[in-house]
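Trainee: Here you go, one structure.
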Amino acid sequence: MFESLMSSEMVTYVILPFMIFCARICDVSLGTIRVIFISKGIRYLAPLLGFFEVIIWLLAIGQVMNNLTNVVAYVAYGAGFASGTFIGMRIEEKISLGLTSVRIITKNDPGELVQYLRSHNYGVTSIEGEGATGKVKMVYTTIKRQDLANVVSIIKRFHPNAFYSVDEVKSVSEGVFPEKRPYGAGVFSWIDSLRFYRKGK
């Protein structure tokens with residue numbers, strides 16, 4: 001009798017909440033990635049992720065509704081939501097989908113920086129401008145997000161005191177990009193190839 005009671009309490013207050021927690025991590029992570037895919041223009045995988053997301057959510061919420069007096073289940077549900085959001089963002093950071101525009105402003109001659117970027121097959125546009133303290137040079141390039149860390153290190157190498165900003169790019173019509181790196185081949189590159197590209201006006 002005692003063993004049966006302990007077994008029942010174990011299921012109610014440990015195993016069931018843990019399952020709800022894991023289910024919430026899965027469905028919220030999928031939801032976060034789905035929204036990111038839509039914002040990045042990857043519109044073919046988003047509905048598939050949405051299908052699995054809602055199925056898992058129904059399973060989780062169903063267990064909560066069947067155990068309305070189980071406070072531990074509520075805590076597990078909320079904790080799973082928070083954890084799933086964090087994990088989803090971390091996954092998106094790792095796969096680094098999409099394109100990014102980098103704007104560099106410097107008072108010094110950017111010739112070496114521009115030449116170096118172009119020699120590595122980055123498309124670069126350089127123009128003159130005027131800032132608050134005088135004449136400046138502005139350099140623009142649109143890159144794959146997975147190359148951002150490398151480009152930032154290049155900028156700091158040539159112009160450590162230069163101002164630069166990074167903006168997300170929704171779509172492009174055409175451009176110059178480095179060849180795919182060996183480690184870039186695989187599921188992440190395949191996913192990025194599903195982006196929805198539109199021709200510029």
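If you're wondering about the labels, chains in the structure tokens are A, B, ... by order shown, residues count from 1 in each chain, ligands from 1 in order shown.
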Out of range 53-167 of chain A, which residues get strand (DSSP E) from DSSP, as a PyMOL selection string?

Mentor: chain A and resi 99-106+124-131+134-144+163-167

Trainee: Once you count only C-alpha atoms, what closest atom pair and distance in Å to one decimal does each residue of range 116-141 of chain A within 12 Å of range 150-174 of chain A have, with rows by chain and rising residue number, as a tab-separated table?

Mentor:
residue	atom	partner	partner_atom	distance
A:Tyr116	CA	A:Ile154	CA	8.6
A:Leu117	CA	A:Val151	CA	8.2
A:Arg118	CA	A:Val151	CA	11.6
A:His120	CA	A:Val151	CA	10.4
A:Asn121	CA	A:Val151	CA	11.8
A:Tyr122	CA	A:Val151	CA	9.4
A:Gly123	CA	A:Glu174	CA	10.3
A:Val124	CA	A:Val151	CA	11.7
A:Gly131	CA	A:Phe163	CA	11.4
A:Val136	CA	A:Ala162	CA	10.3
A:Lys137	CA	A:Ala162	CA	10.0
A:Met138	CA	A:Tyr164	CA	9.4
A:Val139	CA	A:Tyr164	CA	9.1
A:Tyr140	CA	A:Tyr164	CA	9.6
A:Thr141	CA	A:Val151	CA	9.6

Trainee: Please identify all polymer residues within 8 Å of Tyr13 in chain A, counting only C-alpha atoms, omitting same-chain residues fewer than 3 positions from it, and present them as a list of chain:residue names.

Mentor: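 Counting only C-alpha atoms, the residues come to A:Glu9, A:Met10, A:Leu16, A:Pro17, A:Asn70, A:Val72, A:Ala73.
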
Trainee: Take the residues that were just selected and, keeping N, CA and C atoms, output them as a short mmCIF file (atom, residue, chain, number, x, y, z; two decimals), in the first residue's frame.

Mentor:
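Result file follows (result27.cif):
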data_model
loop_
_atom_site.label_atom_id
_atom_site.label_comp_id
_atom_site.auth_asym_id
_atom_site.auth_seq_id
_atom_site.Cartn_x
_atom_site.Cartn_y
_atom_site.Cartn_z
N GLU A 9 2.49 9.25 -5.95
CA GLU A 9 3.01 10.59 -5.69
C GLU A 9 4.22 10.90 -6.57
N MET A 10 5.03 9.92 -6.84
CA MET A 10 6.20 10.10 -7.70
C MET A 10 5.75 10.50 -9.11
N LEU A 16 5.32 13.52 -13.95
CA LEU A 16 4.41 14.32 -14.76
C LEU A 16 4.90 15.76 -14.94
N PRO A 17 5.29 16.46 -13.87
CA PRO A 17 5.82 17.82 -14.06
C PRO A 17 7.07 17.85 -14.94
N ASN A 70 -2.54 20.29 -9.09
CA ASN A 70 -1.12 20.00 -8.98
C ASN A 70 -0.31 21.28 -9.24
N VAL A 72 2.79 21.84 -8.71
CA VAL A 72 4.09 21.54 -9.30
C VAL A 72 4.00 21.53 -10.83
N ALA A 73 2.86 21.08 -11.36
CA ALA A 73 2.66 21.06 -12.81
C ALA A 73 2.63 22.48 -13.36
#

Trainee: For the alpha helix (DSSP H) assignment from backbone DSSP, which residues of range 72-170 of chain A qualify? Please present them as a PyMOL selection string.

Mentor: chain A and resi 72-95+111-119+148-158

Trainee: Extract, using only C-alpha atoms, all DNA, RNA and protein residues at most 9 Å from Glu53 in chain A, discarding same-chain residues fewer than 2 positions from it, and format them as a list in words.

Mentor: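 Counting only C-alpha atoms, the residues come to Cys26, Asp27, Val28, Ser29, Leu30, Gly31, Arg34, Leu48, Leu49, Gly50, Phe51, Ile55, Ile56, Trp57 and Leu58 of chain A.
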
Trainee: What is the CA of Pro47 in chain A to CA of Ala23 in chain A distance in Å?

Mentor: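 For CA of Pro47 in chain A relative to CA of Ala23 in chain A, the distance reads 18.9 Å.
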